[in-house]
Amino acid sequence: TFLYNFDEEVEPLEVIDGGGGNFDKIVLDDPSPSGWVFIEVTISGVEQVEYRTAGPAAFLDSQIGGGAGQISNVKGSAGGNTLVVFGAAADLTGLTFTTWSPLQDGVFMLGSTGSDHLIGSSQTDVIRGSDGADVIDGGGGTDVIFGGVGQDVLTGGANADRFSFEAANESAVGSTRDRITDFDQGNDLLVLPFAAGFDFRGSGAFTNTAGELRFFHNVNNTFTVLEADVDGNGSADFQLRLDGSFNLALADFVL
C-alpha cells in the first residue's frame, strides 16, 4: 500500500512499484486536497486507487485503464471523488469501480493536442478531444462528449449521452464534417451553445437570416445532416452528420 496523507507528497519522477503482488494500491487520504497529480510518476504493479477522502486525482492513460500493467480498480470514498485521465489513447473499458456514484463522482478524460482515440468507462464520463481528428466512444454510463476542432467520429455508447459543440468551427462543412455514429433520438442530446437563440427551421431551407438551424437527409436516407447558418448568407457554416434517418426536433437540442 502506498499511502498519501497529503497531496503534496506526490513527487515528480517518483517511482511507485507494487512488485509482483496481486492487490497493491495507492491510497489517497488528504482531508483537504487540492489534487493528487501522478502524471509525472512512474507506476507499475499497482492494481487499485482508493480514495479515503474526496478530491481530484490525475493519471496518464498509460497508468490506468485495466490493461496489462495498469491500475484496474478505483474505489471511491463517501462522495465527491474525481478521476482525471490525460492522454491520446485512454481506454477505460477495463476499469472497475467500487463505492462510486454517477451522481456524486466524476470521470474526466482529456485528450492530447493531436488525434486522439478515447474510450470511456462504465461510469458518467466527461470526455474532451482537442484539435485533431479524434475518435471518441463514451462507453457505458451517461456521458458528455466534446470532439473539439477537427474531423471527429463520436459514439455515445449505452445510456443517454450529450454531444457538445461549443463553437461553430468545431465541425466543418462537407466531407470533413464531424460524425455521430449512434445518435439515440429521445435519449441523446445535441448541445450547441453557439446556437443559442437560433431559429430551428426543421427541414425547411435557410432564409438568408443570421442564426438558423436546419437538417436534411442524404439521397439514400441513410444519414442526417444538421447544419447552421451563422452569418445569414444562406449557406451552412456548421454541419454535423448523424448516422441514420432522423426528423430532428427542438427536443433533441440544448441551445
# chains A, B, ... in the order shown; residues from 1 in each chain; ligands from 1
call {"tool": "select_by_dssp", "arguments": {"residues": "stretch 13-199 of chain A", "states": "strand (DSSP E or B)", "output": "number ranges by chain"}}
result
A: 15-17, 25-28, 36-37, 42-44, 48-51, 56-60, 64, 71, 73-75, 82-86, 91, 96-98, 106-110, 117-119, 125-128, 135-137, 144-146, 153-155, 162-164, 178-180, 185, 188-191, 199
call {"tool": "residues_around", "arguments": {"residues": "stretch 243-247 of chain A", "least_positions_apart": "6", "cutoff": "7 Å", "atoms": "only C-alpha atoms", "output": "count of residues only"}}
result
8
call {"tool": "residues_around", "arguments": {"residues": "A:Gln185", "least_positions_apart": "4", "cutoff": "12 Å", "atoms": "only C-alpha atoms", "output": "list in words"}}
result
Gly156, Asn159, Ala160, Asp161, Arg162, Ile180, Leu189, Leu190, Leu242, Asp243, Gly244, Ser245, Phe246, Asn247, Leu248, Ala249, Leu250, Ala251, Asp252 and Phe253 of chain A
call {"tool": "residues_around", "arguments": {"residues": "A:Gly232", "least_positions_apart": "6", "cutoff": "8 Å", "atoms": "only C-alpha atoms", "output": "list in words"}}
result
Thr207, Asn208, Thr209, Ala210, Gly211 and Glu212 of chain A
call {"tool": "closest_residue", "arguments": {"among": "A:Leu92, A:Gly20, A:Leu240, A:Asp29", "to": "A:Phe6", "atoms": "only C-alpha atoms"}}
result
A:Asp29
call {"tool": "residues_around", "arguments": {"residues": "A:Phe2", "least_positions_apart": "4", "cutoff": "9 Å", "atoms": "only C-alpha atoms", "output": "ChimeraX atom specification"}}
result
/A:16,18,24-28
call {"tool": "residues_around", "arguments": {"residues": "A:Gln104", "least_positions_apart": "4", "cutoff": "12 Å", "atoms": "only C-alpha atoms", "output": "ChimeraX atom specification"}}
result
/A:54-55,76-82,99-100,123-124
call {"tool": "closest_residue", "arguments": {"among": "A:Asp199, A:Leu103, A:Gly94, A:Ile39", "to": "A:Thr142", "atoms": "only C-alpha atoms"}}
result
A:Leu103
call {"tool": "closest_residue", "arguments": {"among": "A:Glu9, A:Asp231, A:Glu50, A:Asp125", "to": "A:Leu110", "atoms": "only C-alpha atoms"}}
result
A:Asp125
call {"tool": "closest_residue", "arguments": {"among": "A:Gly234, A:Pro56, A:Gly45, A:Pro102", "to": "A:Gln70", "atoms": "only C-alpha atoms"}}
result
A:Gly45
call {"tool": "atom_distance", "arguments": {"atom1": "atom CA of A:Thr113", "atom2": "atom CA of A:Val37"}}
result
19.8 Å
call {"tool": "select_by_dssp", "arguments": {"residues": "stretch 10-215 of chain A", "states": "helix (DSSP H, G or I)", "output": "number ranges by chain"}}
result
A: 168-170, 193-195
call {"tool": "atom_distance", "arguments": {"atom1": "atom CA of A:Val126", "atom2": "atom CA of A:Thr98"}}
result
19.0 Å
call {"tool": "closest_atom_pairs", "arguments": {"of": "stretch 136-182 of chain A", "to": "stretch 116-119 of chain A", "cutoff": "7 Å", "atoms": "only C-alpha atoms", "output": "JSON lines"}}
result
{"residue": "A:Ile136", "atom": "CA", "partner": "A:Leu118", "partner_atom": "CA", "distance": 4.8}
{"residue": "A:Asp137", "atom": "CA", "partner": "A:Ile119", "partner_atom": "CA", "distance": 4.7}
{"residue": "A:Gly138", "atom": "CA", "partner": "A:Ile119", "partner_atom": "CA", "distance": 5.8}
{"residue": "A:Gly139", "atom": "CA", "partner": "A:Ile119", "partner_atom": "CA", "distance": 6.2}
call {"tool": "write_last_selection", "arguments": {"atoms": "N, CA and C atoms", "output": "compact mmCIF listing (two decimals), in the first residue's frame"}}
result
# COMPACT_ATOMS: atom_id res chain seq x y z
N ILE A 136 -13.89 9.09 -30.49
CA ILE A 136 -14.28 9.07 -29.08
C ILE A 136 -15.50 8.19 -28.91
N ASP A 137 -15.42 7.29 -27.94
CA ASP A 137 -16.53 6.39 -27.59
C ASP A 137 -16.79 6.53 -26.10
N GLY A 138 -18.00 6.93 -25.75
CA GLY A 138 -18.32 7.15 -24.35
C GLY A 138 -18.38 5.89 -23.51
N GLY A 139 -18.57 4.73 -24.14
CA GLY A 139 -18.70 3.50 -23.37
C GLY A 139 -20.03 3.47 -22.64
call {"tool": "closest_residue", "arguments": {"among": "A:Ala236, A:Val74, A:Val10, A:Ala205", "to": "A:Asn169", "atoms": "only C-alpha atoms"}}
result
A:Ala236
